[in-house]
>>> print(open('target_29.txt').read())   # compact mmCIF, C-alpha atoms
# COMPACT_ATOMS: atom_id res chain seq x y z
CA MET E 1 -5.23 8.86 3.90
CA ALA E 2 -4.34 6.99 0.76
CA ARG E 3 -1.18 4.92 0.69
CA ALA E 4 1.52 6.35 -1.58
CA LEU E 5 4.99 5.22 -2.66
CA VAL E 6 7.57 7.72 -3.87
CA ASN E 7 10.99 6.89 -5.20
CA ALA E 8 13.34 9.85 -5.60
CA PRO E 9 17.12 10.17 -5.14
CA LYS E 10 18.16 11.41 -1.68
CA THR E 11 21.18 13.14 -3.14
CA ALA E 12 21.95 14.41 -6.64
CA LYS E 13 24.64 16.46 -8.35
CA ALA E 14 23.65 19.95 -9.48
CA GLY E 15 22.51 19.92 -13.11
CA GLU E 16 21.89 16.18 -13.12
CA MET E 17 18.57 14.69 -14.24
CA MET E 18 16.65 12.91 -11.47
CA GLU E 19 13.94 10.32 -12.04
CA ILE E 20 10.95 10.57 -9.70
CA LYS E 21 8.53 7.63 -9.52
CA THR E 22 5.19 7.71 -7.71
CA LEU E 23 2.38 5.27 -7.03
CA ILE E 24 -0.78 6.04 -5.06
CA SER E 25 -3.70 3.86 -4.01
CA HIS E 26 -6.94 5.14 -5.51
CA VAL E 27 -9.98 3.38 -7.01
CA MET E 28 -10.15 5.70 -10.06
CA GLU E 29 -13.84 4.90 -10.49
CA THR E 30 -14.67 6.07 -14.02
CA GLY E 31 -18.25 7.22 -13.50
CA PHE E 32 -19.41 4.97 -16.35
CA ARG E 33 -19.63 1.61 -14.61
CA PRO E 34 -22.75 0.11 -13.04
CA GLY E 35 -22.43 -1.18 -9.47
CA MET E 36 -23.91 -4.39 -8.03
CA ASP E 37 -27.31 -2.68 -7.84
CA GLY E 38 -27.26 -1.71 -11.52
CA ARG E 39 -26.89 1.98 -10.79
CA ILE E 40 -23.99 3.92 -12.29
CA LYS E 41 -21.29 4.44 -9.65
CA PRO E 42 -20.42 8.12 -9.30
CA ARG E 43 -17.10 9.21 -10.70
CA ASP E 44 -14.27 9.21 -8.16
CA ILE E 45 -10.88 9.88 -9.70
CA ILE E 46 -7.69 11.82 -9.15
CA THR E 47 -7.84 14.75 -11.55
CA GLU E 48 -4.53 16.44 -11.00
CA PHE E 49 -0.96 15.77 -9.94
CA ALA E 50 1.71 18.39 -9.41
CA CYS E 51 5.32 18.37 -8.27
CA GLU E 52 6.76 21.50 -6.70
CA TYR E 53 10.51 21.84 -6.36
CA ASP E 54 12.79 24.83 -5.76
CA GLY E 55 9.88 27.26 -5.76
CA GLU E 56 8.17 26.20 -8.94
CA VAL E 57 5.94 23.51 -10.39
CA VAL E 58 8.32 21.33 -12.39
CA PHE E 59 5.78 18.70 -13.45
CA ARG E 60 2.02 18.65 -13.69
CA ALA E 61 -0.39 16.05 -15.03
CA ALA E 62 -4.13 15.99 -15.63
CA LEU E 63 -5.77 12.60 -15.09
CA HIS E 64 -8.94 11.37 -16.77
CA PRO E 65 -11.49 8.56 -16.27
CA ALA E 66 -9.58 6.10 -18.48
CA THR E 67 -6.64 6.01 -16.04
CA SER E 68 -6.21 2.69 -14.22
CA ALA E 69 -6.68 2.28 -10.48
CA ASN E 70 -3.62 3.10 -8.34
CA PRO E 71 -2.04 5.41 -10.92
CA TYR E 72 1.72 5.29 -11.44
CA LEU E 73 3.48 8.44 -12.62
CA ALA E 74 7.17 8.84 -13.39
CA PHE E 75 9.00 11.88 -14.69
CA GLU E 76 12.41 13.52 -14.75
CA THR E 77 13.52 16.91 -13.52
CA ARG E 78 16.88 18.65 -13.21
CA ALA E 79 18.54 18.90 -9.79
CA THR E 80 19.05 22.54 -8.91
CA ARG E 81 19.02 23.22 -5.16
CA SER E 82 18.72 21.26 -1.93
CA GLY E 83 15.29 21.34 -0.43
CA PRO E 84 11.91 19.67 -0.17
CA MET E 85 10.10 18.32 -3.21
CA LYS E 86 6.34 18.46 -2.73
CA LEU E 87 4.13 15.98 -4.57
CA THR E 88 0.39 16.65 -4.50
CA TRP E 89 -2.53 14.61 -5.85
CA ARG E 90 -6.00 16.19 -6.01
CA GLY E 91 -9.29 14.75 -7.13
CA ASP E 92 -13.02 14.23 -6.78
CA ASN E 93 -14.77 14.44 -3.40
CA GLY E 94 -12.13 16.76 -2.02
CA PHE E 95 -9.35 14.20 -2.40
CA GLU E 96 -6.01 15.77 -1.62
CA GLN E 97 -2.75 14.23 -0.55
CA THR E 98 0.75 15.61 -0.29
CA GLU E 99 4.00 13.70 0.13
CA THR E 100 7.28 15.49 0.69
CA VAL E 101 10.77 14.18 -0.05
CA ASP E 102 13.98 15.96 0.88
CA ILE E 103 16.62 16.17 -1.80
CA THR E 104 20.23 17.17 -1.15
CA VAL E 105 22.02 18.67 -4.12
CA GLU E 106 25.81 18.63 -3.99
CA MET Q 1 3.15 -12.62 -19.43
CA SER Q 2 4.16 -9.51 -21.35
CA ALA Q 3 7.46 -7.76 -20.71
CA SER Q 4 5.64 -4.69 -19.40
CA THR Q 5 3.65 -6.71 -16.83
CA GLN Q 6 6.88 -8.39 -15.72
CA ALA Q 7 8.60 -5.02 -15.40
CA MET Q 8 5.69 -3.75 -13.32
CA GLN Q 9 6.03 -6.71 -10.95
CA ARG Q 10 9.78 -6.28 -10.60
CA ASP Q 11 9.81 -2.56 -9.75
CA ASP Q 12 8.54 -2.03 -6.21
CA VAL Q 13 7.37 1.50 -6.98
CA GLN Q 14 5.38 0.38 -10.03
CA ASN Q 15 3.95 -2.76 -8.41
CA PRO Q 16 0.57 -1.83 -6.87
CA GLY Q 17 0.81 -4.97 -4.72
CA MET Q 18 3.39 -3.09 -2.66
CA LEU Q 19 0.66 -0.67 -1.57
CA ALA Q 20 -1.23 -3.63 -0.08
CA ALA Q 21 1.97 -4.96 1.53
CA GLY Q 22 2.50 -1.51 3.05
CA GLN Q 23 -1.01 -1.57 4.44
CA GLY Q 24 -0.28 -5.05 5.81
CA GLU Q 25 2.80 -3.74 7.58
CA ALA Q 26 0.74 -1.01 9.24
CA LEU Q 27 -1.86 -3.59 10.34
CA TRP Q 28 0.90 -5.88 11.65
CA ASN Q 29 2.05 -3.19 14.04
CA ALA Q 30 -1.34 -1.72 14.95
CA GLN Q 31 -3.47 -2.55 17.94
CA PRO Q 32 -6.74 -4.09 16.69
CA PRO Q 33 -9.97 -2.10 17.21
CA GLY Q 34 -10.98 -4.37 20.13
CA GLY Q 35 -7.90 -3.25 22.07
CA GLY Q 36 -6.15 -6.64 21.88
CA GLN Q 37 -2.56 -7.39 20.99
CA SER Q 38 -0.93 -6.42 17.70
CA CYS Q 39 0.59 -9.16 15.55
CA ALA Q 40 3.96 -7.62 16.35
CA SER Q 41 3.47 -7.92 20.11
CA CYS Q 42 3.54 -11.73 19.77
CA HIS Q 43 5.64 -12.18 16.63
CA GLY Q 44 8.01 -9.19 16.80
CA ASP Q 45 9.64 -7.93 13.63
CA ALA Q 46 8.00 -9.70 10.68
CA THR Q 47 11.11 -9.34 8.51
CA ALA Q 48 12.76 -11.83 10.90
CA SER Q 49 9.90 -13.91 12.35
CA MET Q 50 7.93 -14.38 9.10
CA LYS Q 51 10.92 -14.97 6.83
CA GLY Q 52 10.26 -18.10 4.75
CA VAL Q 53 6.91 -18.85 6.43
CA ALA Q 54 4.70 -18.34 3.36
CA ALA Q 55 7.00 -20.60 1.31
CA ARG Q 56 5.96 -23.64 3.38
CA TYR Q 57 2.19 -23.02 3.58
CA PRO Q 58 -0.34 -24.75 3.57
CA ALA Q 59 0.95 -26.54 6.68
CA PHE Q 60 -0.50 -29.16 9.02
CA ASP Q 61 -2.64 -27.63 11.75
CA GLU Q 62 -2.49 -29.56 15.02
CA ALA Q 63 -5.75 -28.06 16.28
CA THR Q 64 -7.95 -29.19 13.39
CA ARG Q 65 -5.78 -32.14 12.20
CA ARG Q 66 -6.04 -30.72 8.68
CA PRO Q 67 -3.96 -28.58 6.35
CA ILE Q 68 -4.35 -24.85 6.91
CA ASP Q 69 -3.36 -22.16 4.45
CA LEU Q 70 -1.68 -18.88 5.26
CA GLN Q 71 -4.87 -16.84 5.19
CA ASP Q 72 -6.70 -19.16 7.58
CA ARG Q 73 -3.61 -19.24 9.81
CA ILE Q 74 -3.76 -15.44 10.00
CA ARG Q 75 -7.52 -15.53 10.57
CA ALA Q 76 -7.04 -18.03 13.40
CA CYS Q 77 -4.44 -15.77 15.06
CA ASN Q 78 -6.75 -12.80 14.63
CA ALA Q 79 -9.72 -14.68 16.11
CA ARG Q 80 -7.71 -15.41 19.27
CA ARG Q 81 -7.34 -11.70 19.95
CA PRO Q 82 -10.15 -10.78 22.33
CA GLY Q 83 -12.56 -8.31 20.77
CA ALA Q 84 -10.83 -8.17 17.38
CA PRO Q 85 -13.38 -8.03 14.53
CA ASP Q 86 -13.48 -11.04 12.19
CA MET Q 87 -11.25 -10.83 9.14
CA PRO Q 88 -13.39 -12.35 6.38
CA HIS Q 89 -11.84 -14.05 3.37
CA GLU Q 90 -10.89 -11.57 0.66
CA SER Q 91 -11.27 -8.62 3.03
CA GLU Q 92 -8.81 -5.83 2.42
CA GLU Q 93 -7.20 -6.44 5.84
CA LEU Q 94 -6.67 -10.17 5.34
CA VAL Q 95 -5.29 -9.78 1.81
CA ALA Q 96 -2.98 -6.97 2.97
CA LEU Q 97 -1.64 -8.98 5.94
CA SER Q 98 -1.13 -12.05 3.71
CA ALA Q 99 0.72 -9.91 1.18
CA TYR Q 100 2.97 -8.52 3.92
CA VAL Q 101 3.68 -11.96 5.41
CA GLY Q 102 4.17 -13.34 1.88
CA LEU Q 103 6.61 -10.57 1.02
CA GLN Q 104 8.92 -11.84 3.78
CA SER Q 105 9.40 -15.00 1.68
CA ARG Q 106 9.94 -13.26 -1.64
CA GLY Q 107 12.82 -15.04 -3.40
CA THR Q 108 12.61 -18.07 -1.10
CA PRO Q 109 12.03 -21.37 -2.94
CA THR Q 110 8.58 -22.86 -2.37
CA ALA Q 111 9.14 -25.65 0.17
CA PRO Q 112 6.18 -27.98 0.72
CA ASP Q 113 5.71 -29.10 4.31
CA PRO Q 114 7.10 -32.70 4.44
CA ASP Q 115 4.71 -33.71 7.27
CA PRO Q 116 3.44 -37.20 6.21
CA ARG Q 117 0.00 -36.42 7.65
CA LEU Q 118 -0.46 -34.00 4.72
CA ALA Q 119 -0.01 -36.70 2.07
CA PRO Q 120 -3.67 -37.83 1.83
CA PHE Q 121 -4.84 -34.20 1.56
CA ARG Q 122 -2.29 -33.48 -1.16
CA ALA Q 123 -3.44 -36.58 -3.05
CA ARG Q 124 -7.03 -35.35 -2.81
CA GLY Q 125 -5.87 -31.98 -4.17
CA GLN Q 126 -4.29 -33.76 -7.12
CA ALA Q 127 -7.50 -35.70 -7.75
CA LEU Q 128 -9.45 -32.42 -7.71
CA PHE Q 129 -6.94 -30.97 -10.18
CA GLU Q 130 -7.41 -33.87 -12.57
CA ARG Q 131 -11.19 -34.21 -12.29
CA PRO Q 132 -13.25 -32.69 -15.15
CA ILE Q 133 -15.70 -30.09 -13.84
CA GLY Q 134 -18.40 -27.70 -14.99
CA GLN Q 135 -20.61 -27.56 -18.04
CA LEU Q 136 -17.47 -27.41 -20.18
CA ASN Q 137 -16.27 -30.62 -18.51
CA LEU Q 138 -12.64 -29.53 -18.27
CA SER Q 139 -10.14 -30.36 -15.54
CA CYS Q 140 -7.55 -27.93 -14.26
CA ALA Q 141 -4.97 -30.28 -15.80
CA ALA Q 142 -6.63 -30.04 -19.23
CA CYS Q 143 -5.58 -26.40 -19.34
CA HIS Q 144 -2.61 -26.06 -17.01
CA ASP Q 145 -0.79 -29.34 -17.81
CA ALA Q 146 -1.91 -30.18 -21.35
CA ARG Q 147 -2.30 -26.70 -22.84
CA ALA Q 148 0.04 -24.46 -20.86
CA GLY Q 149 1.68 -21.94 -23.20
CA GLY Q 150 -1.35 -22.00 -25.50
CA ARG Q 151 -4.04 -19.35 -25.63
CA LEU Q 152 -7.58 -19.12 -24.35
CA ALA Q 153 -9.18 -16.30 -26.29
CA GLY Q 154 -6.75 -13.44 -25.63
CA ALA Q 155 -5.14 -14.86 -22.49
CA LEU Q 156 -2.01 -16.93 -22.31
CA ILE Q 157 -2.68 -20.19 -20.44
CA PRO Q 158 -0.09 -20.25 -17.65
CA GLN Q 159 1.22 -23.36 -15.90
CA GLY Q 160 -1.05 -22.44 -12.98
CA HIS Q 161 1.43 -21.78 -10.21
CA PRO Q 162 0.43 -20.32 -6.84
CA ASN Q 163 3.75 -18.71 -5.87
CA GLY Q 164 2.80 -15.06 -6.51
CA TYR Q 165 -0.35 -14.81 -4.36
CA PRO Q 166 -1.92 -12.69 -3.05
CA LEU Q 167 -1.28 -10.58 -6.12
CA TYR Q 168 -2.41 -7.55 -8.07
CA ARG Q 169 -4.39 -8.38 -11.17
CA LEU Q 170 -4.88 -5.66 -13.76
CA GLU Q 171 -8.25 -7.10 -14.76
CA TRP Q 172 -9.43 -6.89 -11.15
CA GLN Q 173 -7.85 -3.46 -10.73
CA GLY Q 174 -7.02 -4.75 -7.31
CA MET Q 175 -5.55 -7.45 -5.10
CA GLY Q 176 -6.84 -10.98 -4.77
CA SER Q 177 -5.98 -14.26 -3.08
CA LEU Q 178 -5.20 -17.57 -4.75
CA GLN Q 179 -8.74 -18.72 -3.94
CA ARG Q 180 -10.18 -15.77 -5.82
CA ARG Q 181 -8.09 -16.83 -8.82
CA LEU Q 182 -9.24 -20.45 -8.51
CA ARG Q 183 -12.87 -19.35 -8.30
CA ASN Q 184 -12.35 -17.43 -11.58
CA CYS Q 185 -11.03 -20.61 -13.25
CA MET Q 186 -13.96 -22.64 -11.90
CA THR Q 187 -16.66 -20.23 -13.03
CA GLY Q 188 -14.74 -19.99 -16.34
CA VAL Q 189 -15.62 -23.62 -17.06
CA ARG Q 190 -19.12 -23.02 -15.64
CA ALA Q 191 -18.56 -25.06 -12.53
CA GLU Q 192 -19.97 -24.08 -9.16
CA ALA Q 193 -17.08 -22.80 -7.01
CA PRO Q 194 -17.02 -23.83 -3.34
CA PRO Q 195 -17.18 -21.00 -0.79
CA PHE Q 196 -13.96 -19.26 0.30
CA GLY Q 197 -12.07 -21.33 2.84
CA ALA Q 198 -13.64 -24.65 1.75
CA PRO Q 199 -11.49 -27.78 2.30
CA ASP Q 200 -11.38 -28.35 -1.49
CA PHE Q 201 -9.54 -25.07 -1.93
CA VAL Q 202 -6.94 -25.79 0.73
CA GLU Q 203 -6.32 -29.26 -0.76
CA LEU Q 204 -5.95 -27.78 -4.23
CA GLU Q 205 -3.54 -25.19 -2.82
CA LEU Q 206 -1.53 -27.96 -1.21
CA TYR Q 207 -1.20 -29.84 -4.50
CA LEU Q 208 -0.46 -26.66 -6.48
CA GLN Q 209 2.29 -25.82 -4.02
CA SER Q 210 4.03 -29.22 -4.36
CA ARG Q 211 3.62 -28.98 -8.14
CA ALA Q 212 5.27 -25.53 -8.16
CA ALA Q 213 8.24 -26.32 -5.88
CA PRO Q 214 10.98 -25.17 -5.95
CA LEU Q 215 9.87 -21.97 -7.77
CA ALA Q 216 10.67 -18.91 -5.67
CA VAL Q 217 7.88 -16.99 -3.94
CA GLU Q 218 7.02 -13.82 -5.91
CA THR Q 219 4.42 -12.26 -3.61
CA PRO Q 220 3.04 -9.71 -4.37
CA ALA Q 221 3.09 -10.54 -8.10
CA VAL Q 222 1.31 -8.71 -10.94
CA ARG Q 223 -0.89 -10.47 -13.51
CA PRO Q 224 -2.77 -9.22 -16.60
>>> encode(input="target_29.txt", output="structure tokens")
Amino acid sequence: MARALVNAPKTAKAGEMMEIKTLISHVMETGFRPGMDGRIKPRDIITEFACEYDGEVVFRAALHPATSANPYLAFETRATRSGPMKLTWRGDNGFEQTETVDITVE
Amino acid sequence: MSASTQAMQRDDVQNPGMLAAGQGEALWNAQPPGGGQSCASCHGDATASMKGVAARYPAFDEATRRPIDLQDRIRACNARRPGAPDMPHESEELVALSAYVGLQSRGTPTAPDPDPRLAPFRARGQALFERPIGQLNLSCAACHDARAGGRLAGALIPQGHPNGYPLYRLEWQGMGSLQRRLRNCMTGVRAEAPPFGAPDFVELELYLQSRAAPLAVETPAVRP
């Protein structure tokens, strides 16, 4: 499993904006670079990120070969209800990882 | 260093070096593949036992009567674990463990080991720093003492301090040790770099460390 760091508030007031920051370890191999043997290394990137909260996708991003290794994504969403926030990264070669953070809304 | 690179280093969620430190923490607590002891089983909680350790490395090693740097110290501990596979220089495991041990000194002022037996090695490190090398015939000092703050092509010439290593370099798109950085500088002036772990490197590290004191340890730092 890839190593991921997520920073989200544990508690928030209803209606307040929350900043969610994420970092995940991934090579993000572009598919354009030659390896040591001169052959082009096959593409291996994360293609999609989605954040599900309170029953809907509140943020989604499509990633492309120009994205750096270990992509960092930050976004804001409004606190509505207490519950889990599910962050999922998907990509080439069946890459899939989900991290869950619990948010308490007062 | 640009404001954005500095911001990336300062924020633990943006700093990719923290992913390596996290991996190092997992390795610290894990039993090695050979079934031997974990680092934690001898050293306990690293946040207590390794606090300030990286700030005083390289240190004098009684066994070899020479200076030893943090990576070789970790390799030596690993090698004593029966059945544990070797941790080569620049391997993901070694860099991650060094980043985790280094993190326990973050904010601690660099404190060179005062052991007088290190003095001749430090002096040799200084001589290596001042000696012109490579086809370009430039010494480390020619760039890092005489031209620090200037530019080499697009890059800012830094003062050449070792206090952020191992670190995440954007150009590498990954982590690297101080020796990897030094090898880059050596091949940059078209000199032949010694192999990883060579005495020249440890002596250079020793001099760089005394030259940098008392700058605080920044491991894991971020560089362009």
>>> interface_residues(input="target_29.txt", of="chain E", to="chain Q", cutoff="10 Å", atoms="all atoms listed in the file", output="list in words")
Ala2, Arg3, Ala4, Leu5, Val6, Asn7, Lys21, Thr22, Leu23, Ile24, Ser25, Val27, Met28, Ser68, Ala69, Asn70, Pro71, Tyr72, Leu73 and Ala74 of chain E
>>> atom_distance(input="target_29.txt", atom1="CA of Gln135 in chain Q", atom2="CA of Val202 in chain Q")
23.3 Å
>>> residues_near_point(input="target_29.txt", point="(3.5, -27.1, 7.2)", cutoff="9 Å", atoms="only C-alpha atoms", output="PDB file with C-alpha atoms, in the frame of the given file")
ATOM      1  CA  VAL Q  53       6.910 -18.850   6.430  1.00  0.00           C
ATOM      2  CA  ARG Q  56       5.960 -23.640   3.380  1.00  0.00           C
ATOM      3  CA  TYR Q  57       2.190 -23.020   3.580  1.00  0.00           C
ATOM      4  CA  PRO Q  58      -0.340 -24.750   3.570  1.00  0.00           C
ATOM      5  CA  ALA Q  59       0.950 -26.540   6.680  1.00  0.00           C
ATOM      6  CA  PHE Q  60      -0.500 -29.160   9.020  1.00  0.00           C
ATOM      7  CA  ASP Q  61      -2.640 -27.630  11.750  1.00  0.00           C
ATOM      8  CA  PRO Q  67      -3.960 -28.580   6.350  1.00  0.00           C
ATOM      9  CA  ILE Q  68      -4.350 -24.850   6.910  1.00  0.00           C
ATOM     10  CA  ASP Q  69      -3.360 -22.160   4.450  1.00  0.00           C
ATOM     11  CA  PRO Q 112       6.180 -27.980   0.720  1.00  0.00           C
ATOM     12  CA  ASP Q 113       5.710 -29.100   4.310  1.00  0.00           C
ATOM     13  CA  PRO Q 114       7.100 -32.700   4.440  1.00  0.00           C
ATOM     14  CA  ASP Q 115       4.710 -33.710   7.270  1.00  0.00           C
ATOM     15  CA  LEU Q 118      -0.460 -34.000   4.720  1.00  0.00           C
TER      16      LEU Q 118
END
>>> residues_around(input="target_29.txt", residues="Thr100 in chain E", least_positions_apart="3", cutoff="12 Å", atoms="all atoms listed in the file", output="compact mmCIF listing (two decimals) with C-alpha atoms, keeping the file's coordinate frame")
# COMPACT_ATOMS: atom_id res chain seq x y z
CA ALA E 4 1.52 6.35 -1.58
CA LEU E 5 4.99 5.22 -2.66
CA VAL E 6 7.57 7.72 -3.87
CA ASN E 7 10.99 6.89 -5.20
CA ALA E 8 13.34 9.85 -5.60
CA LYS E 10 18.16 11.41 -1.68
CA THR E 22 5.19 7.71 -7.71
CA ALA E 50 1.71 18.39 -9.41
CA CYS E 51 5.32 18.37 -8.27
CA GLU E 52 6.76 21.50 -6.70
CA TYR E 53 10.51 21.84 -6.36
CA GLY E 83 15.29 21.34 -0.43
CA PRO E 84 11.91 19.67 -0.17
CA MET E 85 10.10 18.32 -3.21
CA LYS E 86 6.34 18.46 -2.73
CA LEU E 87 4.13 15.98 -4.57
CA THR E 88 0.39 16.65 -4.50
CA TRP E 89 -2.53 14.61 -5.85
CA GLN E 97 -2.75 14.23 -0.55
CA ILE E 103 16.62 16.17 -1.80
>>> atom_distance(input="target_29.txt", atom1="CA of Ala212 in chain Q", atom2="CA of Asp145 in chain Q")
12.0 Å
>>> atom_distance(input="target_29.txt", atom1="CA of Gly94 in chain E", atom2="CA of Phe32 in chain E")
19.9 Å
>>> residues_around(input="target_29.txt", residues="range 30-35 of chain Q", least_positions_apart="3", cutoff="10 Å", atoms="all atoms listed in the file", output="short mmCIF file (atom, residue, chain, number, x, y, z; two decimals) with C-alpha atoms, in the coordinates of the input")
data_model
loop_
_atom_site.label_atom_id
_atom_site.label_comp_id
_atom_site.auth_asym_id
_atom_site.auth_seq_id
_atom_site.Cartn_x
_atom_site.Cartn_y
_atom_site.Cartn_z
CA GLY Q 24 -0.28 -5.05 5.81
CA GLU Q 25 2.80 -3.74 7.58
CA ALA Q 26 0.74 -1.01 9.24
CA LEU Q 27 -1.86 -3.59 10.34
CA SER Q 38 -0.93 -6.42 17.70
CA CYS Q 39 0.59 -9.16 15.55
CA ALA Q 40 3.96 -7.62 16.35
CA SER Q 41 3.47 -7.92 20.11
CA ASN Q 78 -6.75 -12.80 14.63
CA ARG Q 81 -7.34 -11.70 19.95
CA PRO Q 82 -10.15 -10.78 22.33
CA GLY Q 83 -12.56 -8.31 20.77
CA ALA Q 84 -10.83 -8.17 17.38
CA PRO Q 85 -13.38 -8.03 14.53
#
>>> residues_around(input="target_29.txt", residues="Leu138 in chain Q", least_positions_apart="2", cutoff="12 Å", atoms="only C-alpha atoms", output="count of residues only")
24
